[in-house]
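With mmCIF, C-alpha atoms inside, this is run18.cif:
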data_data
#
loop_
_atom_site.label_atom_id
_atom_site.label_comp_id
_atom_site.auth_asym_id
_atom_site.auth_seq_id
_atom_site.Cartn_x
_atom_site.Cartn_y
_atom_site.Cartn_z
CA MET C 1 8.44 -5.93 -35.06
CA ARG C 2 6.20 -5.89 -31.98
CA ARG C 3 2.49 -6.40 -32.55
CA LYS C 4 0.39 -3.38 -31.64
CA HIS C 5 -2.45 -4.28 -29.30
CA ALA C 6 -5.98 -3.06 -29.93
CA SER C 7 -7.00 -0.01 -27.87
CA PRO C 8 -10.21 2.01 -27.60
CA PRO C 9 -10.19 5.31 -29.58
CA ALA C 10 -7.97 8.06 -28.10
CA CYS C 11 -6.49 5.65 -25.53
CA GLU C 12 -2.79 4.81 -25.33
CA HIS C 13 -0.81 1.71 -24.40
CA TYR C 14 2.90 1.75 -23.52
CA ARG C 15 4.95 -1.39 -22.85
CA SER C 16 7.29 0.46 -20.48
CA GLN C 17 8.19 3.90 -19.17
CA ALA C 18 11.00 3.95 -21.73
CA GLU C 19 8.35 4.34 -24.46
CA MET C 20 6.55 7.18 -22.66
CA PRO C 21 7.42 10.88 -23.17
CA SER C 22 8.94 12.60 -20.15
CA GLN C 23 5.85 14.74 -19.52
CA LEU C 24 3.73 11.59 -19.31
CA ILE C 25 6.10 10.05 -16.75
CA ALA C 26 5.78 13.25 -14.71
CA ARG C 27 1.97 13.00 -14.95
CA LEU C 28 2.16 9.36 -13.86
CA ARG C 29 4.00 10.36 -10.68
CA GLN C 30 1.59 13.22 -10.04
CA LEU C 31 -1.48 10.99 -10.40
CA ALA C 32 0.04 8.45 -8.00
CA PHE C 33 0.86 11.19 -5.49
CA ASP C 34 -2.50 12.96 -5.70
CA HIS C 35 -4.98 10.12 -6.24
CA GLY C 36 -3.28 7.02 -4.85
CA ASP C 37 -5.25 5.82 -1.83
CA THR C 38 -3.66 2.49 -0.87
CA TYR C 39 -0.15 1.50 0.16
CA ALA C 40 0.49 0.07 -3.31
CA SER C 41 -0.69 3.00 -5.42
CA TYR C 42 2.74 4.60 -5.72
CA LEU C 43 4.22 1.32 -6.94
CA VAL C 44 2.87 2.29 -10.36
CA THR C 45 6.04 4.40 -10.72
CA GLU C 46 8.23 1.26 -10.60
CA PRO C 47 9.85 0.53 -14.00
CA ASP C 48 8.46 -3.02 -14.36
CA ARG C 49 4.98 -2.19 -15.65
CA GLU C 50 3.06 -1.59 -18.84
CA TYR C 51 0.69 1.37 -18.92
CA PHE C 52 -2.79 2.09 -20.24
CA TRP C 53 -3.93 5.72 -20.50
CA ASN C 54 -7.53 6.54 -21.31
CA ALA C 55 -8.79 9.45 -23.41
CA ASP C 56 -7.27 12.85 -22.67
CA ARG C 57 -4.89 11.07 -20.27
CA GLN C 58 -7.37 11.51 -17.44
CA GLY C 59 -6.19 8.33 -15.73
CA VAL C 60 -3.73 5.45 -15.94
CA VAL C 61 -3.59 1.76 -15.09
CA GLY C 62 -0.22 0.06 -14.59
CA PHE C 63 -0.07 -3.70 -15.11
CA ARG C 64 2.18 -6.72 -15.58
CA ARG C 65 1.33 -9.18 -18.35
CA ARG C 66 2.15 -12.89 -18.57
CA GLY C 67 0.73 -14.21 -21.82
CA ARG C 68 -3.02 -13.61 -21.69
CA TYR C 69 -3.05 -12.81 -17.95
CA LEU C 70 -2.74 -9.29 -16.56
CA THR C 71 -2.21 -8.27 -12.94
CA VAL C 72 -2.92 -4.77 -11.64
CA ALA C 73 -1.61 -3.94 -8.15
CA ASP C 74 -1.79 -0.14 -8.07
CA GLY C 75 -5.48 0.55 -8.60
CA LEU C 76 -7.26 3.06 -10.83
CA LEU C 77 -5.15 6.21 -10.77
CA ALA C 78 -7.53 9.01 -11.63
CA ALA C 79 -9.77 11.48 -9.85
CA PRO C 80 -12.61 9.60 -8.09
CA ASP C 81 -15.23 10.85 -10.58
CA ASP C 82 -13.13 9.59 -13.51
CA ARG C 83 -12.43 6.07 -12.24
CA SER C 84 -15.53 4.36 -13.58
CA GLN C 85 -14.77 5.58 -17.12
CA LEU C 86 -11.09 4.62 -16.75
CA LEU C 87 -12.09 1.09 -15.71
CA ALA C 88 -14.61 0.82 -18.57
CA ASP C 89 -11.96 1.86 -21.11
CA PHE C 90 -9.37 -0.49 -19.63
CA LEU C 91 -11.75 -3.47 -19.67
CA ALA C 92 -12.63 -2.67 -23.29
CA PHE C 93 -8.88 -2.75 -23.99
CA THR C 94 -8.36 -6.12 -22.28
CA GLN C 95 -11.45 -7.68 -23.84
CA ALA C 96 -10.45 -6.53 -27.32
CA ASN C 97 -7.17 -8.41 -26.83
CA ARG C 98 -8.85 -11.41 -25.13
CA TRP C 99 -6.87 -10.90 -21.94
CA HIS C 100 -7.79 -11.90 -18.39
CA VAL C 101 -7.21 -9.17 -15.80
CA THR C 102 -6.97 -9.38 -12.01
CA PHE C 103 -6.94 -6.24 -9.85
CA VAL C 104 -5.38 -6.59 -6.40
CA ASN C 105 -5.71 -4.08 -3.52
CA VAL C 106 -9.20 -2.84 -4.38
CA PRO C 107 -10.66 -1.07 -1.31
CA ARG C 108 -14.22 -1.81 -0.25
CA ASN C 109 -15.53 1.64 -1.22
CA GLU C 110 -14.69 0.88 -4.88
CA ILE C 111 -15.93 -2.69 -5.30
CA ASN C 112 -19.31 -1.62 -6.73
CA VAL C 113 -17.50 0.22 -9.55
CA PHE C 114 -15.93 -3.13 -10.51
CA ARG C 115 -19.10 -5.16 -10.00
CA ASN C 116 -21.12 -2.80 -12.17
CA LEU C 117 -18.71 -3.50 -15.04
CA GLY C 118 -18.87 -7.28 -14.71
CA CYS C 119 -15.93 -8.05 -12.42
CA GLN C 120 -15.95 -10.82 -9.83
CA VAL C 121 -14.91 -9.49 -6.39
CA SER C 122 -13.29 -11.55 -3.60
CA LYS C 123 -11.68 -10.46 -0.34
CA CYS C 124 -7.87 -10.82 -0.20
CA GLY C 125 -6.86 -9.22 3.12
CA GLU C 126 -6.88 -5.99 5.11
CA GLU C 127 -4.78 -2.84 5.18
CA PRO C 128 -4.11 -1.51 8.72
CA VAL C 129 -4.26 2.29 8.88
CA VAL C 130 -3.46 4.57 11.83
CA ARG C 131 -5.66 7.67 11.92
CA LEU C 132 -3.05 10.13 13.11
CA GLN C 133 -5.36 12.98 14.06
CA ARG C 134 -7.35 10.67 16.36
CA THR C 135 -4.37 9.05 18.07
CA THR C 136 -2.67 10.14 21.31
CA TRP C 137 -0.39 7.12 21.93
CA LYS C 138 -1.50 7.17 25.55
CA GLY C 139 -3.02 4.45 27.69
CA LYS C 140 -2.57 0.72 27.97
CA ASP C 141 -3.20 -0.01 24.27
CA TRP C 142 -0.03 1.87 23.30
CA GLU C 143 2.13 0.56 26.12
CA TRP C 144 4.13 -1.79 23.90
CA VAL C 145 5.23 0.82 21.35
CA ARG C 146 6.06 3.35 24.05
CA ARG C 147 8.23 0.73 25.74
CA GLN C 148 10.14 0.16 22.47
CA GLU C 149 10.69 3.90 22.08
CA ASN C 150 11.92 4.40 25.61
CA TYR C 151 14.29 1.44 25.44
CA CYS C 152 15.84 2.59 22.15
CA LYS C 153 16.32 6.13 23.44
CA ARG C 154 18.01 4.85 26.61
CA GLN C 155 20.38 2.83 24.39
CA GLY C 156 21.36 5.98 22.49
CA ALA C 157 19.39 5.48 19.26
CA GLU C 158 18.57 8.63 17.30
CA PHE C 159 15.89 9.01 14.65
CA ARG C 160 15.56 11.51 11.82
CA GLU C 161 14.14 12.08 8.37
CA VAL C 162 16.67 12.26 5.55
CA THR C 163 16.37 14.30 2.38
CA HIS C 164 17.50 11.79 -0.22
CA GLN C 165 19.00 14.14 -2.81
CA ILE C 166 21.65 12.35 -4.84
CA ASP C 167 23.65 15.60 -5.12
CA ASP C 168 23.89 15.75 -1.30
CA SER C 169 27.40 14.50 -0.53
CA GLU C 170 26.44 13.14 2.93
CA TYR C 171 23.60 11.10 1.45
CA ARG C 172 25.56 9.95 -1.61
CA GLU C 173 28.79 9.02 0.18
CA THR C 174 27.72 8.06 3.72
CA ILE C 175 24.02 7.30 4.14
CA GLY C 176 23.20 5.75 0.75
CA PRO C 177 25.94 3.05 0.89
CA GLN C 178 24.86 2.08 4.42
CA LEU C 179 21.24 1.76 3.31
CA GLU C 180 22.31 -0.52 0.45
CA GLN C 181 24.32 -2.68 2.83
CA ILE C 182 21.41 -3.01 5.28
CA SER C 183 19.07 -3.86 2.42
CA ARG C 184 21.40 -6.55 1.03
CA GLU C 185 21.79 -8.14 4.47
CA HIS C 186 18.05 -8.13 4.99
CA VAL C 187 17.24 -9.68 1.61
CA ALA C 188 19.93 -12.36 2.09
CA SER C 189 18.32 -13.39 5.40
CA THR C 190 14.83 -13.90 3.95
CA LEU C 191 13.32 -17.16 2.77
CA HIS C 192 13.31 -16.00 -0.86
CA ARG C 193 16.77 -14.32 -0.74
CA ARG C 194 15.53 -11.73 -3.20
CA GLU C 195 13.16 -8.80 -3.25
CA MET C 196 9.66 -9.99 -4.05
CA LYS C 197 8.59 -8.04 -7.09
CA PHE C 198 5.56 -6.15 -8.35
CA PHE C 199 3.58 -6.05 -5.08
CA VAL C 200 6.45 -4.39 -3.19
CA SER C 201 8.96 -1.65 -4.01
CA GLN C 202 12.40 -2.47 -5.36
CA PHE C 203 14.55 -0.51 -2.93
CA ASN C 204 16.98 1.84 -4.68
CA PRO C 205 18.45 4.60 -2.48
CA ALA C 206 19.42 6.58 -5.57
CA ASP C 207 15.85 6.73 -6.90
CA LEU C 208 13.25 7.13 -4.14
CA ARG C 209 11.32 9.79 -6.07
CA ASP C 210 8.52 11.31 -3.91
CA ARG C 211 8.93 8.86 -1.03
CA ARG C 212 9.99 9.84 2.49
CA LEU C 213 13.00 8.23 4.17
CA PHE C 214 13.56 7.90 7.92
CA ILE C 215 16.70 6.44 9.49
CA ALA C 216 17.84 5.26 12.92
CA GLU C 217 21.44 5.86 13.96
CA GLU C 218 23.66 4.59 16.77
CA GLN C 219 26.86 6.58 17.28
CA GLY C 220 26.62 7.96 13.75
CA ARG C 221 26.07 4.53 12.15
CA VAL C 222 22.79 3.85 10.32
CA THR C 223 21.18 0.76 11.84
CA ALA C 224 17.65 0.80 10.38
CA PHE C 225 15.47 2.67 7.92
CA ILE C 226 11.89 2.90 6.69
CA VAL C 227 10.55 4.22 3.38
CA CYS C 228 7.05 5.71 3.11
CA ASN C 229 4.97 5.88 -0.08
CA PRO C 230 2.81 8.97 -0.69
CA GLY C 231 -0.89 9.23 -1.48
CA LEU C 232 -3.91 11.54 -1.28
CA SER C 233 -1.75 14.57 -2.07
CA GLY C 234 0.39 13.91 0.99
CA ASP C 235 -2.51 13.30 3.39
CA MET C 236 -1.59 9.59 3.54
CA TRP C 237 1.80 7.90 3.81
CA ALA C 238 2.37 4.15 3.78
CA VAL C 239 5.38 2.46 5.35
CA GLU C 240 6.08 -0.24 2.79
CA VAL C 241 9.82 -0.93 3.23
CA TYR C 242 11.41 -1.32 6.67
CA ARG C 243 14.81 -2.92 7.26
CA ARG C 244 17.40 -3.17 10.02
CA ARG C 245 20.87 -4.51 10.74
CA HIS C 246 20.99 -7.84 12.54
CA ASP C 247 22.84 -6.20 15.45
CA ALA C 248 20.54 -3.17 15.75
CA ILE C 249 18.92 -2.31 19.07
CA ARG C 250 15.82 -4.37 19.79
CA GLY C 251 12.66 -2.46 18.89
CA VAL C 252 14.39 -0.01 16.56
CA VAL C 253 11.96 -0.49 13.65
CA PRO C 254 8.72 0.15 15.58
CA SER C 255 10.43 3.09 17.30
CA LEU C 256 11.42 4.52 13.94
CA MET C 257 7.86 4.09 12.68
CA MET C 258 6.58 5.91 15.77
CA HIS C 259 9.02 8.76 15.07
CA ALA C 260 7.65 9.08 11.53
CA MET C 261 4.05 9.01 12.76
CA ARG C 262 4.68 11.68 15.38
CA MET C 263 6.29 13.93 12.76
CA MET C 264 3.43 13.44 10.33
CA GLN C 265 0.82 13.98 13.02
CA ALA C 266 2.42 17.37 13.78
CA GLU C 267 2.28 18.18 10.05
CA GLY C 268 -1.48 17.51 9.95
CA VAL C 269 -1.27 14.26 7.95
CA SER C 270 -4.44 12.19 8.40
CA TYR C 271 -3.41 8.59 7.66
CA PHE C 272 -0.40 6.34 8.15
CA SER C 273 -0.81 2.99 6.38
CA LEU C 274 1.08 -0.07 7.61
CA SER C 275 0.54 -1.84 4.23
CA LEU C 276 -1.51 -4.89 3.43
CA VAL C 277 -1.78 -7.98 5.63
CA PRO C 278 -2.66 -10.66 3.04
CA PHE C 279 -5.27 -13.36 3.63
CA VAL C 280 -6.55 -12.07 6.99
CA ARG C 281 -10.30 -12.49 7.65
CA CYS C 282 -11.12 -13.55 4.08
CA THR C 283 -14.81 -14.15 4.69
CA PRO C 284 -17.40 -14.73 1.94
CA VAL C 285 -18.77 -11.76 0.00
CA ALA C 286 -21.55 -11.71 -2.58
CA GLY C 287 -20.53 -13.30 -5.89
CA ASP C 288 -16.95 -14.04 -4.83
CA SER C 289 -14.73 -16.91 -5.99
CA PRO C 290 -15.12 -19.90 -3.62
CA MET C 291 -11.90 -21.32 -5.04
CA PHE C 292 -9.90 -18.16 -4.24
CA ARG C 293 -11.45 -17.94 -0.76
CA LYS C 294 -10.50 -21.55 0.03
CA VAL C 295 -6.95 -21.06 -1.24
CA VAL C 296 -6.23 -17.94 0.81
CA ASN C 297 -7.85 -19.36 3.96
CA PHE C 298 -5.84 -22.56 3.55
CA TRP C 299 -2.73 -20.41 3.15
CA TRP C 300 -3.54 -18.46 6.34
CA GLN C 301 -4.04 -21.64 8.31
CA TYR C 302 -1.34 -23.98 7.00
CA LEU C 303 1.26 -22.20 4.81
CA ASN C 304 2.39 -19.40 7.09
CA PRO C 305 6.14 -20.28 6.91
CA ILE C 306 6.21 -19.34 3.20
CA TYR C 307 5.08 -15.78 3.85
CA ASP C 308 4.71 -14.95 7.53
CA VAL C 309 1.23 -13.42 7.47
CA HIS C 310 0.65 -14.29 11.14
CA GLY C 311 3.77 -12.39 12.18
CA LEU C 312 2.83 -9.46 9.96
CA PHE C 313 -0.61 -9.18 11.52
CA HIS C 314 0.76 -9.43 15.05
CA PHE C 315 3.41 -6.74 14.48
CA LYS C 316 1.07 -4.29 12.77
CA SER C 317 -1.71 -4.82 15.30
CA ARG C 318 0.62 -3.41 18.01
CA PHE C 319 0.04 0.05 16.51
CA ARG C 320 -3.72 -0.21 17.20
CA PRO C 321 -4.79 0.62 13.64
CA ASP C 322 -8.17 0.63 12.02
CA TYR C 323 -8.53 -1.77 9.10
CA ARG C 324 -9.57 -1.40 5.46
CA GLU C 325 -10.91 -4.49 3.76
CA MET C 326 -9.13 -5.13 0.46
CA PHE C 327 -10.31 -7.21 -2.48
CA VAL C 328 -9.29 -8.74 -5.77
CA ALA C 329 -11.49 -8.01 -8.80
CA ALA C 330 -11.27 -10.24 -11.86
CA ASN C 331 -12.64 -10.10 -15.39
CA PRO C 332 -13.41 -12.78 -16.44
CA PRO C 333 -13.82 -14.60 -13.08
CA LEU C 334 -10.77 -16.10 -11.40
CA SER C 335 -9.52 -19.45 -12.66
CA VAL C 336 -6.70 -21.80 -11.70
CA ARG C 337 -4.53 -20.31 -14.43
CA SER C 338 -5.11 -16.73 -13.30
CA LEU C 339 -4.22 -17.71 -9.72
CA VAL C 340 -1.02 -19.38 -10.91
CA SER C 341 -0.17 -16.28 -12.96
CA LEU C 342 -0.76 -14.13 -9.86
CA ALA C 343 1.62 -16.26 -7.77
CA ILE C 344 4.29 -16.25 -10.50
CA THR C 345 4.05 -12.47 -10.87
CA TRP C 346 4.53 -12.17 -7.10
CA GLU C 347 7.43 -14.69 -7.28
CA LEU C 348 5.87 -16.28 -4.24
CA PHE C 349 7.32 -19.74 -4.76
CA HIS C 350 10.88 -18.71 -5.64
CA PHE C 351 12.56 -20.09 -2.54
CA ASN C 352 14.85 -22.90 -1.40
CA PRO C 353 12.76 -25.80 0.02
CA LEU C 354 15.50 -26.57 2.56
CA ARG C 355 15.31 -23.03 3.93
CA LEU C 356 11.52 -23.39 4.15
CA LEU C 357 11.94 -26.61 6.18
CA VAL C 358 14.38 -24.92 8.56
CA ARG C 359 12.03 -21.95 9.00
CA SER C 360 9.06 -24.24 9.67
CA VAL C 361 10.96 -26.12 12.38
CA ARG C 362 12.11 -22.88 14.00
CA GLN C 363 8.60 -21.44 14.03
CA ARG C 364 7.19 -24.58 15.63
CA GLY C 365 9.86 -24.51 18.33
CA ASN C 366 9.57 -20.79 19.04
CA SER C 367 7.55 -20.31 22.23
CA GLU C 368 7.10 -16.57 21.52
CA ARG C 369 5.10 -17.32 18.39
CA ARG C 370 2.47 -19.08 20.48
CA SER C 371 1.54 -15.70 21.91
CA LEU C 372 0.96 -14.03 18.54
CA VAL C 373 -2.27 -12.06 18.31
CA THR C 374 -5.05 -13.98 16.59
CA PRO C 375 -7.39 -11.79 14.53
CA ASP C 376 -10.97 -11.59 15.73
CA ARG C 377 -13.63 -13.01 13.48
CA ALA C 378 -14.43 -9.48 12.27
CA SER C 379 -12.65 -6.20 12.82
CA GLU C 380 -14.39 -3.74 15.12
CA CYS C 381 -12.69 -0.73 13.51
CA LEU C 382 -13.33 -0.73 9.76
CA LEU C 383 -12.47 2.11 7.40
CA ARG C 384 -14.22 2.45 4.06
CA ASP C 385 -13.13 5.62 2.28
CA LEU C 386 -10.10 7.71 3.23
CA ARG C 387 -11.32 10.70 1.25
CA PRO C 388 -13.61 13.19 3.03
CA LYS C 389 -17.19 12.95 1.85
CA ALA C 390 -18.48 15.83 -0.26
CA PRO C 391 -20.94 17.91 1.81
CA ARG C 392 -24.61 17.68 0.89
CA PRO C 393 -26.33 20.81 -0.56
CA ALA C 394 -28.10 21.50 2.76
CA GLU C 395 -24.77 21.37 4.59
CA LEU C 396 -23.23 23.79 2.10
CA LEU C 397 -26.14 26.21 2.62
CA LEU C 398 -25.75 26.07 6.40
CA ALA C 399 -22.01 26.62 6.09
CA ALA C 400 -22.62 29.67 3.88
CA VAL C 401 -25.13 31.11 6.34
CA ASP C 402 -22.66 30.58 9.21
CA THR C 403 -20.11 32.73 7.41
CA LEU C 404 -22.45 35.68 6.70
CA PRO C 405 -21.71 38.85 8.69
CA ALA C 406 -24.12 39.62 11.55
CA VAL C 407 -25.61 42.64 9.70
CA GLU C 408 -26.44 40.52 6.66
CA LEU C 409 -28.04 37.87 8.87
CA LEU C 410 -30.18 40.52 10.60
CA ALA C 411 -31.34 41.95 7.28
CA HIS C 412 -32.16 38.42 6.07
CA GLU C 413 -34.24 37.76 9.19
CA GLU C 414 -36.16 41.07 8.77
CA VAL C 415 -36.99 40.28 5.14
CA SER C 416 -38.09 36.77 6.11
CA ALA C 417 -40.34 38.20 8.82
#
Please, can you express the file's structure as structure tokens?
Amino acid sequence: MRRKHASPPACEHYRSQAEMPSQLIARLRQLAFDHGDTYASYLVTEPDREYFWNADRQGVVGFRRRGRYLTVADGLLAAPDDRSQLLADFLAFTQANRWHVTFVNVPRNEINVFRNLGCQVSKCGEEPVVRLQRTTWKGKDWEWVRRQENYCKRQGAEFREVTHQIDDSEYRETIGPQLEQISREHVASTLHRREMKFFVSQFNPADLRDRRLFIAEEQGRVTAFIVCNPGLSGDMWAVEVYRRRHDAIRGVVPSLMMHAMRMMQAEGVSYFSLSLVPFVRCTPVAGDSPMFRKVVNFWWQYLNPIYDVHGLFHFKSRFRPDYREMFVAANPPLSVRSLVSLAITWELFHFNPLRLLVRSVRQRGNSERRSLVTPDRASECLLRDLRPKAPRPAELLLAAVDTLPAVELLAHEEVSA
């Protein structure tokens, strides 16, 4: 019989979604859709997590546990005003069970919530975000992506969004099998030859839930696709999975991403996240872990062939995004064991050493990689909070006065006089 772990009063702990009632699974998806504010927030709906719900089910934390070490990738899924209490309840839960917890993908605007409750905060990378309502895709900065679009269109590529209903015969019999084939080919060509778990989605065309799917076609044949995760009640979408056939037209993935951004811009969507670039610009912050900072900076400088962070940054920088600093928060502070647990959870070192050697040689001999964009010492375009700030009382009063009819304003002025 499984041991029941200690929980604060009125809080709930489930070892999997299979233990949760259907209405709670629906609430999980709704919280991720409405209150998720990073690329990874919607990953909480993946079936490989345990779940902690605080009192009255106001919020949820999804986590993976290895022995005494917990990893949280999806953030605090609750309304902003409820997050501090959710974190306090969750830390009480972990401390009662003598567990060590590490939160990944904590945006800068939330780090004081973690610090106030005794967590150690260290920078782990940046999330590039395109502000759609401030972007025109004109001028020299956007020349590269426009060139990809124009080339693909001249070669006959067509782009569209697909409604991924499993009862749709075209999707079930034609599109879905092609997506699976493209995904298998892509995974087989990677260093790890498997989908890296927990920090990325496990692609399943039959179960995309609230995600949006865009495909590229050449003569009726699907050649590439991207999958976008939702957040902020649909005001943010994050492209987290993008894959192509090896014989697809050059530039088809960035062109497909541009198609999705143009569609969302027309819909009034505010943000398009390009997902995290790990280890970029990991500069010191107050009270951080020097050990973690040295590890990630060493990785950025010397271990790029294992996980091509330089290539990721270069590709995503072509879309001229703004950047959100992202952090890890740990309670108790990070240790060697918690870092090892983090890497194992990510399955970062599950690869063939021979394939790593071949990749390293190819990267060294590739002249194009010498022209990769190098990040500046500090980003000039930093985003803090994607949510609009609540107006101050004086601003609310002015807004109310602006909406008064002219007659009421005149009467108000006469009384004041």
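Using only C-alpha atoms, the shortest contact distance between Asn331 in chain C and any of C:Val101, C:Val60, C:Leu28, C:Ala188 is found at C:Val101.
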**OP:** Could you tell me which residues the PyMOL selection byres ((chain C and resi 316) around 12) returns for this structure, as JSON, numbers by chain?
**Re:** {"C": [126, 127, 128, 129, 130, 144, 145, 239, 240, 253, 254, 257, 258, 272, 273, 274, 275, 276, 277, 309, 310, 311, 312, 313, 314, 315, 317, 318, 319, 320, 321, 322, 323, 372, 373, 375]}
**OP:** Quote the spacing between CA of Phe90 in chain C and CA of Tyr39 in chain C in Å to one decimal place.
**Re:** 21.9 Å
Original post:
Which residues fall under the PyMOL selection byres ((chain C and resi 69) around 7) in this file, as an MDAnalysis selection string?
Top reply: chainID C and resid 65:68 70:71 99:101 338 341
Original post:
Which of these residues is nearest to Arg281 in chain C, using all atoms listed in the file: C:Tyr151, C:Phe327, C:Tyr242, C:Phe93?
Top reply: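 Using all atoms listed in the file, the shortest distance to Arg281 in chain C belongs to C:Phe327.
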Subject >> Residues matched by the PyMOL selection byres ((chain C and resi 135) around 10), written as an MDAnalysis selection string >> reply: chainID C and resid 130:134 136:138 142 261:262 265 320:321
Generate a file of the selected residues that holds C-alpha atoms, formatted as a PDB file, in the frame of the given file.
ATOM      1  CA  VAL C 130      -3.460   4.570  11.830  1.00  0.00           C
ATOM      2  CA  ARG C 131      -5.660   7.670  11.920  1.00  0.00           C
ATOM      3  CA  LEU C 132      -3.050  10.130  13.110  1.00  0.00           C
ATOM      4  CA  GLN C 133      -5.360  12.980  14.060  1.00  0.00           C
ATOM      5  CA  ARG C 134      -7.350  10.670  16.360  1.00  0.00           C
ATOM      6  CA  THR C 136      -2.670  10.140  21.310  1.00  0.00           C
ATOM      7  CA  TRP C 137      -0.390   7.120  21.930  1.00  0.00           C
ATOM      8  CA  LYS C 138      -1.500   7.170  25.550  1.00  0.00           C
ATOM      9  CA  TRP C 142      -0.030   1.870  23.300  1.00  0.00           C
ATOM     10  CA  MET C 261       4.050   9.010  12.760  1.00  0.00           C
ATOM     11  CA  ARG C 262       4.680  11.680  15.380  1.00  0.00           C
ATOM     12  CA  GLN C 265       0.820  13.980  13.020  1.00  0.00           C
ATOM     13  CA  ARG C 320      -3.720  -0.210  17.200  1.00  0.00           C
ATOM     14  CA  PRO C 321      -4.790   0.620  13.640  1.00  0.00           C
TER      15      PRO C 321
END
Taking (-10.9, -11.4, -9.1) in the file's own coordinates, collect the residues within 7 Å, counting only C-alpha atoms, and hand them back as a PDB file with C-alpha atoms, in the coordinates of the input.
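Result went into selection11.pdb, see below:
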ATOM      1  CA  THR C 102      -6.970  -9.380 -12.010  1.00  0.00           C
ATOM      2  CA  PHE C 103      -6.940  -6.240  -9.850  1.00  0.00           C
ATOM      3  CA  CYS C 119     -15.930  -8.050 -12.420  1.00  0.00           C
ATOM      4  CA  GLN C 120     -15.950 -10.820  -9.830  1.00  0.00           C
ATOM      5  CA  VAL C 121     -14.910  -9.490  -6.390  1.00  0.00           C
ATOM      6  CA  SER C 122     -13.290 -11.550  -3.600  1.00  0.00           C
ATOM      7  CA  VAL C 328      -9.290  -8.740  -5.770  1.00  0.00           C
ATOM      8  CA  ALA C 329     -11.490  -8.010  -8.800  1.00  0.00           C
ATOM      9  CA  ALA C 330     -11.270 -10.240 -11.860  1.00  0.00           C
ATOM     10  CA  ASN C 331     -12.640 -10.100 -15.390  1.00  0.00           C
ATOM     11  CA  PRO C 333     -13.820 -14.600 -13.080  1.00  0.00           C
ATOM     12  CA  LEU C 334     -10.770 -16.100 -11.400  1.00  0.00           C
TER      13      LEU C 334
END
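Taking all atoms listed in the file into account, the polymer residues that have an atom no farther than 9 Å from (23.9, 7.9, -2.9) are His164, Gln165, Ile166, Asp167, Asp168, Ser169, Glu170, Tyr171, Arg172, Glu173, Thr174, Ile175, Gly176, Pro177, Pro205 and Ala206 of chain C.
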**OP:** Pick out the closest residue to Lys294 in chain C from this set: C:Leu24, C:Ala238, C:Val187, C:Cys124. Count all atoms listed in the file.
**Re:** C:Cys124
